[in-house]
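Printed here is my_file.cif (mmCIF, C-alpha atoms):
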data_input
loop_
_atom_site.label_atom_id
_atom_site.label_comp_id
_atom_site.auth_asym_id
_atom_site.auth_seq_id
_atom_site.Cartn_x
_atom_site.Cartn_y
_atom_site.Cartn_z
CA MET A 19 0.00 0.00 0.00
CA SER A 20 1.08 3.54 -0.64
CA THR A 21 -0.35 6.96 -0.03
CA LEU A 22 -1.08 9.43 -2.81
CA ARG A 23 -1.04 13.04 -1.78
CA THR A 24 -2.25 15.67 -4.22
CA ASN A 25 -4.31 18.82 -4.28
CA ALA A 26 -6.32 18.04 -7.41
CA ILE A 27 -7.28 15.16 -9.71
CA LEU A 28 -8.12 16.30 -13.22
CA ASP A 29 -9.12 14.45 -16.36
CA ALA A 30 -6.74 13.89 -19.28
CA SER A 31 -7.57 17.28 -20.76
CA GLY A 32 -7.00 19.10 -17.53
CA GLY A 33 -10.74 19.35 -16.99
CA THR A 34 -12.95 18.31 -14.12
CA THR A 35 -14.74 15.23 -15.44
CA ALA A 36 -12.43 12.69 -13.79
CA THR A 37 -13.97 9.53 -12.33
CA VAL A 38 -12.89 6.78 -9.96
CA ASN A 39 -14.14 3.38 -11.15
CA GLY A 40 -16.79 5.26 -13.08
CA ILE A 41 -17.94 7.37 -10.15
CA PRO A 42 -17.74 11.09 -10.90
CA LEU A 43 -15.75 13.19 -8.48
CA ARG A 44 -18.38 15.74 -7.59
CA PRO A 45 -20.15 17.07 -4.52
CA GLY A 46 -22.77 14.75 -3.14
CA VAL A 47 -20.96 11.69 -4.43
CA LEU A 48 -17.44 11.88 -3.09
CA ASP A 49 -17.49 15.03 -1.05
CA PRO A 50 -18.27 13.98 2.50
CA GLU A 51 -16.25 16.80 3.98
CA ASN A 52 -18.75 19.44 2.85
CA ARG A 53 -21.61 19.57 5.35
CA ILE A 54 -23.20 22.73 3.97
CA ILE A 55 -26.58 21.89 2.44
CA ASN A 56 -28.07 23.88 -0.42
CA GLY A 57 -24.93 25.97 -0.83
CA ALA A 58 -25.87 26.34 -4.50
CA PHE A 59 -29.29 27.74 -3.50
CA ASP A 60 -31.23 25.45 -5.83
CA PHE A 61 -34.02 24.74 -3.31
CA TRP A 62 -36.54 27.25 -1.97
CA GLN A 63 -39.38 25.11 -0.62
CA ARG A 64 -40.82 27.90 1.55
CA GLY A 65 -40.91 30.49 -1.23
CA THR A 66 -38.59 32.63 -3.30
CA SER A 67 -38.45 35.67 -1.03
CA GLY A 68 -39.13 36.69 2.53
CA SER A 69 -38.21 39.14 5.24
CA GLY A 70 -37.60 39.19 8.95
CA PHE A 71 -35.95 36.65 11.19
CA GLY A 72 -36.11 32.96 10.39
CA PHE A 73 -36.29 30.46 7.55
CA VAL A 74 -37.78 32.81 4.97
CA GLY A 75 -35.65 32.00 1.95
CA PRO A 76 -33.50 29.17 0.63
CA ASP A 77 -33.72 25.80 2.33
CA ARG A 78 -31.51 25.44 5.40
CA TRP A 79 -30.44 29.12 5.44
CA ILE A 80 -31.62 31.49 8.16
CA ASN A 81 -32.25 35.19 7.64
CA VAL A 82 -30.85 36.35 11.00
CA THR A 83 -31.93 39.86 11.92
CA ASN A 84 -33.10 41.78 14.94
CA ALA A 85 -33.66 45.25 13.47
CA GLY A 86 -34.25 47.18 10.30
CA THR A 87 -35.50 45.73 7.03
CA VAL A 88 -33.78 42.53 5.94
CA THR A 89 -34.96 40.45 3.00
CA MET A 90 -33.77 37.30 1.31
CA SER A 91 -34.68 36.61 -2.29
CA ARG A 92 -33.95 34.16 -5.06
CA GLN A 93 -32.16 35.63 -8.04
CA ALA A 94 -31.53 33.86 -11.33
CA PHE A 95 -28.28 33.69 -13.23
CA THR A 96 -28.52 34.38 -16.93
CA LEU A 97 -28.35 31.17 -18.92
CA GLY A 98 -24.74 30.71 -19.93
CA ASP A 99 -23.30 32.48 -16.90
CA THR A 100 -20.44 30.60 -15.28
CA LEU A 101 -18.72 30.77 -11.92
CA GLY A 102 -15.53 28.77 -11.92
CA SER A 103 -16.38 25.62 -13.83
CA SER A 104 -20.08 25.65 -12.89
CA SER A 105 -23.12 26.94 -14.74
CA PRO A 106 -25.25 27.94 -11.77
CA THR A 107 -29.01 28.47 -11.74
CA TYR A 108 -29.92 30.61 -8.72
CA PHE A 109 -28.18 32.64 -6.06
CA VAL A 110 -29.36 34.24 -2.83
CA ARG A 111 -29.53 37.97 -2.29
CA GLN A 112 -29.79 39.47 1.20
CA SER A 113 -30.72 43.15 1.29
CA VAL A 114 -30.11 45.07 4.51
CA SER A 115 -31.24 48.53 5.58
CA GLY A 116 -32.36 50.40 8.68
CA GLN A 117 -29.66 49.15 11.07
CA THR A 118 -28.96 51.86 13.61
CA THR A 119 -28.00 50.52 17.04
CA ALA A 120 -25.00 48.82 18.61
CA GLY A 121 -27.13 45.73 19.20
CA SER A 122 -28.30 45.38 15.59
CA VAL A 123 -27.06 42.41 13.66
CA VAL A 124 -27.73 40.61 10.38
CA THR A 125 -26.32 37.37 9.06
CA VAL A 126 -26.97 34.70 6.50
CA ALA A 127 -26.58 31.58 8.62
CA GLN A 128 -26.74 27.81 8.38
CA ARG A 129 -26.87 25.40 11.29
CA ILE A 130 -24.92 22.23 10.60
CA GLU A 131 -26.33 19.28 12.54
CA GLY A 132 -24.05 18.15 15.35
CA VAL A 133 -21.56 20.32 17.22
CA ARG A 134 -19.09 17.51 16.62
CA SER A 135 -18.88 18.78 13.04
CA TYR A 136 -15.29 19.85 12.31
CA ALA A 137 -14.56 20.17 16.05
CA GLY A 138 -10.84 20.64 16.61
CA GLN A 139 -10.18 20.79 12.86
CA THR A 140 -9.01 23.47 10.49
CA ILE A 141 -11.54 24.09 7.73
CA THR A 142 -11.93 26.51 4.85
CA ILE A 143 -15.24 28.12 3.93
CA LEU A 144 -15.39 28.77 0.22
CA GLY A 145 -17.78 30.29 -2.29
CA TRP A 146 -18.53 33.30 -4.44
CA ALA A 147 -19.85 36.66 -3.28
CA ARG A 148 -20.50 40.15 -4.53
CA ARG A 149 -22.10 43.38 -3.36
CA SER A 150 -25.29 44.10 -5.27
CA SER A 151 -26.08 47.47 -3.69
CA GLY A 152 -25.01 49.88 -0.98
CA SER A 153 -21.54 49.75 0.47
CA GLY A 154 -19.42 47.61 2.74
CA ASN A 155 -18.20 44.05 3.07
CA MET A 156 -19.13 40.86 4.90
CA ALA A 157 -17.54 38.84 7.67
CA ILE A 158 -17.52 35.13 8.42
CA SER A 159 -17.36 33.34 11.75
CA ILE A 160 -18.61 30.14 13.38
CA ASP A 161 -20.61 29.36 16.51
CA GLN A 162 -20.72 26.10 18.44
CA ASN A 163 -24.03 25.38 20.20
CA PHE A 164 -24.32 22.44 22.55
CA GLY A 165 -28.09 22.09 22.40
CA THR A 166 -30.86 22.13 24.98
CA GLY A 167 -32.04 19.80 27.73
CA GLY A 168 -30.08 18.87 30.80
CA SER A 169 -27.07 21.07 31.46
CA PRO A 170 -25.30 21.70 28.17
CA SER A 171 -22.15 23.78 27.93
CA THR A 172 -22.48 27.45 27.06
CA ALA A 173 -22.32 28.20 23.35
CA VAL A 174 -18.98 29.27 21.90
CA ASN A 175 -19.66 32.15 19.52
CA GLY A 176 -17.54 34.04 17.02
CA ILE A 177 -14.84 31.53 16.15
CA GLY A 178 -12.40 32.82 13.52
CA PRO A 179 -14.01 36.13 12.54
CA THR A 180 -12.69 37.19 9.14
CA THR A 181 -13.62 40.04 6.80
CA VAL A 182 -14.33 39.25 3.14
CA THR A 183 -13.91 42.28 0.90
CA LEU A 184 -16.74 42.64 -1.60
CA THR A 185 -16.97 44.39 -4.94
CA GLY A 186 -19.78 44.69 -7.44
CA SER A 187 -18.51 41.65 -9.34
CA TRP A 188 -18.63 37.98 -8.40
CA ALA A 189 -15.36 36.95 -6.77
CA PRO A 190 -14.31 33.74 -5.02
CA PHE A 191 -13.47 33.75 -1.33
CA ALA A 192 -11.74 31.27 0.94
CA VAL A 193 -11.68 31.78 4.70
CA THR A 194 -9.75 29.33 6.86
CA ILE A 195 -10.90 28.83 10.45
CA ALA A 196 -9.57 26.66 13.26
CA VAL A 197 -12.73 25.24 14.82
CA SER A 198 -12.50 24.89 18.58
CA SER A 199 -12.13 21.50 20.22
CA ILE A 200 -15.15 20.30 22.17
CA THR A 201 -13.13 18.23 24.59
CA GLY A 202 -14.56 18.70 28.08
CA LYS A 203 -17.84 20.13 26.81
CA THR A 204 -21.29 18.74 27.66
CA LEU A 205 -24.08 18.18 25.17
CA GLY A 206 -27.72 18.84 25.90
CA SER A 207 -30.06 15.88 26.04
CA ASN A 208 -32.38 16.93 23.19
CA ASN A 209 -30.16 15.97 20.23
CA ASN A 210 -30.24 19.46 18.79
CA ASP A 211 -26.64 20.66 19.08
CA TYR A 212 -25.12 22.29 16.01
CA LEU A 213 -22.33 24.24 14.38
CA GLN A 214 -23.49 27.55 12.91
CA LEU A 215 -21.83 29.24 9.96
CA ASN A 216 -22.50 32.99 9.86
CA PHE A 217 -22.05 35.46 7.04
CA TYR A 218 -22.35 38.85 8.77
CA THR A 219 -23.69 41.59 6.52
CA SER A 220 -24.30 44.20 9.21
CA ALA A 221 -23.24 44.24 12.84
CA GLY A 222 -23.31 46.89 15.54
CA SER A 223 -20.45 47.26 17.96
CA ASP A 224 -21.97 44.70 20.36
CA PHE A 225 -20.98 42.12 17.75
CA ASN A 226 -17.46 43.37 16.99
CA THR A 227 -15.90 40.17 18.31
CA GLN A 228 -17.96 37.87 16.10
CA SER A 229 -17.98 40.08 13.01
CA ALA A 230 -14.39 41.36 12.86
CA SER A 231 -15.80 44.82 13.66
CA LEU A 232 -17.80 44.87 10.44
CA GLY A 233 -20.06 47.73 11.53
CA LEU A 234 -23.59 48.71 10.60
CA GLN A 235 -24.20 48.59 6.87
CA THR A 236 -26.82 49.27 4.23
CA ILE A 237 -25.95 46.67 1.67
CA GLY A 238 -27.08 43.96 -0.68
CA VAL A 239 -24.98 40.79 -0.66
CA ASP A 240 -25.16 37.98 -3.21
CA LEU A 241 -23.85 34.50 -2.41
CA TRP A 242 -23.43 31.28 -4.38
CA GLY A 243 -21.54 28.02 -4.11
CA ILE A 244 -21.02 28.01 -0.36
CA HIS A 245 -19.13 24.92 0.77
CA ILE A 246 -16.56 23.69 3.26
CA LYS A 247 -13.33 21.84 2.72
CA GLN A 248 -11.17 20.41 5.45
CA GLY A 249 -7.72 21.92 5.77
CA THR A 250 -6.32 25.16 4.42
CA HIS A 251 -7.24 26.23 0.89
CA THR A 252 -6.99 29.32 -1.25
CA THR A 253 -9.49 30.80 -3.69
CA SER A 254 -8.07 28.59 -6.44
CA ALA A 255 -9.93 25.70 -4.78
CA VAL A 256 -13.26 27.42 -5.32
CA ASP A 257 -13.15 26.69 -9.04
CA LEU A 258 -13.28 22.94 -8.29
CA TYR A 259 -16.76 23.30 -6.76
CA ARG A 260 -19.63 21.59 -8.55
CA GLN A 261 -23.22 22.34 -7.65
CA PRO A 262 -24.69 19.21 -6.06
CA GLU A 263 -26.97 16.83 -7.92
CA LEU A 264 -30.52 17.98 -7.38
CA GLY A 265 -32.04 14.71 -6.16
CA PRO A 266 -29.64 13.96 -3.32
CA GLU A 267 -29.45 17.63 -2.33
CA LEU A 268 -33.24 17.93 -2.07
CA ALA A 269 -33.26 14.85 0.16
CA ARG A 270 -30.67 16.49 2.39
CA CYS A 271 -32.87 19.60 2.64
CA GLN A 272 -35.91 17.45 3.44
CA ARG A 273 -34.22 16.00 6.49
CA TYR A 274 -35.06 19.40 8.01
CA PHE A 275 -38.08 20.73 6.10
CA VAL A 276 -40.65 19.14 3.81
CA LYS A 277 -43.36 20.88 1.86
CA PHE A 278 -46.08 18.76 0.27
CA THR A 279 -47.64 20.67 -2.61
CA ASP A 280 -51.21 19.68 -3.50
CA PRO A 281 -51.01 16.74 -1.06
CA GLN A 282 -52.92 13.50 -1.45
CA GLY A 283 -53.43 10.71 1.04
CA VAL A 284 -55.71 8.00 2.30
CA GLY A 285 -57.33 7.72 5.68
CA VAL A 286 -60.40 6.82 7.62
CA ALA A 287 -63.46 8.79 8.60
CA THR A 288 -63.86 9.14 12.33
CA GLY A 289 -67.45 10.27 12.05
CA ALA A 290 -68.67 12.60 14.69
CA THR A 291 -65.89 11.60 17.12
CA VAL A 292 -64.05 14.79 16.35
CA ALA A 293 -66.72 17.06 14.95
CA GLY A 294 -67.00 15.15 11.71
CA ALA A 295 -63.39 14.30 11.06
CA SER A 296 -61.07 12.24 8.95
CA ARG A 297 -57.61 11.01 9.87
CA VAL A 298 -54.98 10.75 7.12
CA THR A 299 -51.48 9.25 7.21
CA PHE A 300 -48.62 11.00 5.42
CA PHE A 301 -45.29 9.38 4.65
CA LEU A 302 -42.36 11.78 4.63
CA PRO A 303 -39.99 11.51 1.67
CA THR A 304 -37.00 11.04 3.95
CA THR A 305 -36.47 10.47 7.64
CA MET A 306 -36.35 13.89 9.24
CA ARG A 307 -33.88 15.05 11.85
CA GLY A 308 -36.48 14.73 14.58
CA THR A 309 -40.20 14.84 15.19
CA PRO A 310 -41.54 17.65 12.98
CA ALA A 311 -44.08 20.37 13.62
CA ILE A 312 -46.89 20.37 11.06
CA SER A 313 -48.56 23.28 9.30
CA ALA A 314 -51.55 22.74 7.00
CA PRO A 315 -53.16 26.10 6.27
CA SER A 316 -55.19 25.14 3.20
CA THR A 317 -58.66 23.67 2.67
CA TYR A 318 -58.42 20.20 1.17
CA GLY A 319 -60.79 17.85 -0.65
CA PHE A 320 -62.04 14.51 0.77
CA TRP A 321 -63.89 11.69 -1.04
CA ASN A 322 -65.37 8.48 0.36
CA GLY A 323 -66.10 6.99 -3.04
CA ALA A 324 -69.57 8.44 -3.22
CA ALA A 325 -69.50 12.02 -1.97
CA THR A 326 -66.98 14.79 -1.47
CA ARG A 327 -66.29 17.11 1.44
CA THR A 328 -63.84 19.85 2.24
CA GLY A 329 -61.64 19.65 5.29
CA THR A 330 -59.42 21.86 7.41
CA PHE A 331 -56.51 20.82 9.58
CA GLN A 332 -57.20 20.13 13.22
CA ASN A 333 -54.34 18.23 14.88
CA SER A 334 -51.26 16.16 14.07
CA TYR A 335 -49.84 12.99 15.55
CA THR A 336 -46.10 12.83 15.14
CA SER A 337 -44.62 10.00 17.13
CA GLY A 338 -41.69 9.58 14.77
CA SER A 339 -39.66 11.32 12.14
CA ASP A 340 -40.63 9.46 8.96
CA GLN A 341 -44.42 9.76 8.97
CA PHE A 342 -47.28 11.56 10.68
CA GLN A 343 -51.03 11.48 10.91
CA ALA A 344 -53.34 14.45 10.72
CA ASP A 345 -56.97 14.98 11.70
CA PHE A 346 -59.12 17.17 9.49
CA THR A 347 -62.50 18.65 10.34
CA LEU A 348 -64.85 17.99 7.43
CA SER A 349 -67.61 20.19 6.12
CA ALA A 350 -70.01 17.33 6.93
CA ALA A 351 -69.26 14.01 8.57
CA PHE A 352 -68.72 10.78 6.68
CA THR A 353 -69.81 7.61 8.44
CA ALA A 354 -67.15 6.51 10.92
CA GLY A 355 -65.01 3.69 9.59
CA GLN A 356 -65.35 4.58 5.94
CA SER A 357 -62.16 4.87 3.93
CA VAL A 358 -61.53 8.34 2.60
CA VAL A 359 -59.21 9.84 0.05
CA MET A 360 -57.73 13.26 0.59
CA TYR A 361 -57.15 15.08 -2.68
CA ALA A 362 -56.15 18.47 -3.98
CA ASN A 363 -59.44 20.17 -4.82
CA SER A 364 -57.58 23.24 -6.07
CA THR A 365 -53.96 24.21 -6.66
CA ASN A 366 -51.20 25.51 -4.45
CA LEU A 367 -52.40 23.59 -1.40
CA ILE A 368 -49.61 22.87 1.03
CA ILE A 369 -48.70 20.91 4.13
CA SER A 370 -45.34 21.58 5.77
CA ALA A 371 -43.26 19.56 8.20
CA ASP A 372 -40.47 21.36 10.08
CA ALA A 373 -37.62 19.73 11.97
CA GLU A 374 -35.04 22.48 11.54
CA LEU A 375 -32.43 23.16 14.16
CA MET B 11 -33.70 32.02 17.75
CA THR B 12 -36.50 34.45 18.46
CA MET B 13 -40.03 33.44 17.53
CA THR B 14 -43.17 35.51 17.99
CA ILE B 15 -45.80 33.22 19.52
CA THR B 16 -49.21 34.80 19.75
CA SER B 17 -51.24 31.79 20.93
CA ALA B 18 -50.69 28.26 22.21
CA GLN B 19 -53.21 25.60 23.21
CA TYR B 20 -52.94 21.91 23.95
CA VAL B 21 -54.89 19.62 21.62
CA ASN B 22 -56.09 16.24 22.85
CA SER B 23 -55.86 13.02 20.88
CA ALA B 24 -59.23 11.92 19.56
CA MET B 25 -58.28 8.34 20.50
CA THR B 26 -56.86 8.77 23.98
CA GLY B 27 -58.22 12.09 25.15
CA GLN B 28 -54.73 13.02 26.28
CA PRO B 29 -52.73 16.01 24.98
CA SER B 30 -50.96 15.03 21.78
CA SER B 31 -49.75 18.38 20.45
CA ILE B 32 -49.81 22.14 20.92
CA LYS B 33 -51.59 24.29 18.37
CA ALA B 34 -49.59 27.50 18.23
CA THR B 35 -49.45 30.57 16.04
CA ILE B 36 -45.75 31.21 15.50
CA ASP B 37 -44.51 34.09 13.37
CA GLY B 38 -47.97 34.34 11.88
CA THR B 39 -48.29 30.68 10.90
CA GLU B 40 -50.39 28.10 12.73
CA TRP B 41 -48.37 25.00 13.65
CA SER B 42 -49.25 21.71 15.27
CA VAL B 43 -46.24 21.32 17.51
CA PRO B 44 -45.29 17.86 18.81
CA LEU B 45 -44.64 17.39 22.51
CA ALA B 46 -41.05 16.58 21.61
CA PRO B 47 -38.03 18.24 23.23
CA GLY B 48 -35.55 19.07 20.50
CA ASN B 49 -38.22 20.29 18.12
CA ARG B 50 -37.34 23.96 17.79
CA HIS B 51 -40.96 25.11 18.02
CA TYR B 52 -41.62 23.04 21.14
CA ASP B 53 -38.37 24.18 22.76
CA GLU B 54 -39.21 27.82 22.11
CA ILE B 55 -42.74 27.45 23.47
CA MET B 56 -41.35 25.90 26.66
CA ARG B 57 -38.65 28.55 26.92
CA GLN B 58 -41.25 31.30 26.74
CA VAL B 59 -43.47 29.48 29.25
CA GLU B 60 -40.57 29.21 31.68
CA ALA B 61 -39.78 32.89 31.09
CA GLY B 62 -43.34 33.74 32.03
CA THR B 63 -44.13 35.35 28.69
CA LEU B 64 -46.45 32.64 27.34
CA VAL B 65 -49.24 30.51 28.76
CA ILE B 66 -50.42 27.33 27.03
CA GLN B 67 -54.19 27.14 27.15
CA GLU B 68 -55.86 23.91 28.20
CA ALA B 69 -57.35 21.73 25.49
CA ASP B 70 -60.95 22.20 24.51
CA ALA B 71 -63.25 19.80 26.30
#
For the structure just supplied, provide its representation as structure tokens.
Amino acid sequence: MSTLRTNAILDASGGTTATVNGIPLRPGVLDPENRIINGAFDFWQRGTSGSGFGFVGPDRWINVTNAGTVTMSRQAFTLGDTLGSSSPTYFVRQSVSGQTTAGSVVTVAQRIEGVRSYAGQTITILGWARRSSGSGNMAISIDQNFGTGGSPSTAVNGIGPTTVTLTGSWAPFAVTIAVSSITGKTLGSNNNDYLQLNFYTSAGSDFNTQSASLGLQTIGVDLWGIHIKQGTHTTSAVDLYRQPELGPELARCQRYFVKFTDPQGVGVATGATVAGASRVTFFLPTTMRGTPAISAPSTYGFWNGAATRTGTFQNSYTSGSDQFQADFTLSAAFTAGQSVVMYANSTNLIISADAEL
Amino acid sequence: MTMTITSAQYVNSAMTGQPSSIKATIDGTEWSVPLAPGNRHYDEIMRQVEAGTLVIQEADA
């Protein structure tokens, strides 16, 4: 046995189509070191724009804000555009204004499941960024959160704060950070510890430590191709990035959030037991991180083979992370024990399951 | 993570009559939240209850 050490494997033409025993070398296939999900911003299950704190934009990414007006939106590349050796589809734009106080802060953040992720290792955060409006730069740092339940260790925030200079043109960045060891730390008992990657786009002086003294900004920041490589890398490594295959990447997103569009299912009428109800079982497309919360804001159709009803969501039963049941109140009761089919009686009906960190 | 929770009420299982979830309006969206520590919605509801800023209503009879 021998060890091969190299920084790149290219095909015979110097390109990036090399394979190993027929398996392409590309993210999602042989790229286990990258734990960022949806770094190419292909998936926007919740919608293509939103504002305020929370999961309002691309899957897995949090619009972190506590003041001012902060929006996230999906923007499309022009067909034929390239970044490095990729032909990307969408990027995320965060637009920030109205930040005025020392305690104001805005980031684009992703929580990576498990605070064990990269603990005690040197990693490099890579991608492309540009400033789409306003003025200023961005800063990158990492937080370690040990979860909830029991007596977990206090979070370690602001690891490796580094400024990334932005211009109005797409440019690659590579920020190397030594992630703290977690030796001697204590995890919470709720299995919800995580590593958080933060892209600061505005930060008052209360956040100087985490944001490399970025300062308050009015700015638009565009990001694409966010990924992590172990070890120290320069911007030349960014060109090796390939946007993940859509199927596996969607499954990775759905570990944390699932949106059924125009859902269908089968169930049983429970008659007048619950005000004329029907209970329907839904199978999630992938096992989620944990037991999800359920939102079902639409009015759905129900059919017992002879007559139809409409139904609205009443309650969910989520004893696991790969399926759930939901009770619906019907416009008029079916006989208890009858089989019923839930169907989409119009378009754009949704049911969401959320197990985000 | 800060969530705005404007209402929260236990919902009983139609089969057992025992609480099976919390119906809560969180950031303007109504969620059926499992009684599962580690679910971010449940954890936030309980955090706000412990902080004295939220009361979970009893289930309807």
Select, from A:Gln356, A:Ser220, A:Asn209, A:Thr365, the residue with the minimum atom-to-atom distance to Val239 of chain A, counting all atoms listed in the file.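 Result for the nearest residue to Val239 of chain A: A:Ser220.
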Find the residues near Ile66 of chain B: any atom within 8 Å, counting all atoms listed in the file, skip ones fewer than 2 places away on the same chain, and give them as a list in words.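 My list of contacting residues is Ser17, Ala18, Gln19, Tyr20, Val59, Leu64 and Glu68 of chain B.
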How close does chain B get to chain A? List, as JSON lines, each residue of chain B within 6 Å, its nearest atom pair and the distance in Å to one decimal, counting all atoms listed in the file.
{"residue": "B:Trp41", "atom": "CA", "partner": "A:Ser313", "partner_atom": "CA", "distance": 4.7}
{"residue": "B:Ser42", "atom": "CA", "partner": "A:Ile312", "partner_atom": "CA", "distance": 5.0}
{"residue": "B:Val43", "atom": "CA", "partner": "A:Ala311", "partner_atom": "CA", "distance": 4.5}
{"residue": "B:Pro44", "atom": "CA", "partner": "A:Ala311", "partner_atom": "CA", "distance": 5.9}
{"residue": "B:Pro47", "atom": "CA", "partner": "A:Asn208", "partner_atom": "CA", "distance": 5.8}
{"residue": "B:Gly48", "atom": "CA", "partner": "A:Asn208", "partner_atom": "CA", "distance": 4.7}
If we count only C-alpha atoms and set the cut-off at 8 Å, which residues sit around Thr305 of chain A, ignoring sequence neighbours fewer than 2 positions away in its own chain? Please answer as a ChimeraX atom specification.
/A:273,302-303,307,339-340
- Message: the PyMOL selection byres ((chain A and resi 179-189) around 9) - which residues does that actually catch in the file I just gave you? List them as a VMD selection string.
- Response: chain A and resid 101 145 to 151 153 to 160 176 to 178 190 to 195 227 to 232 239 to 241
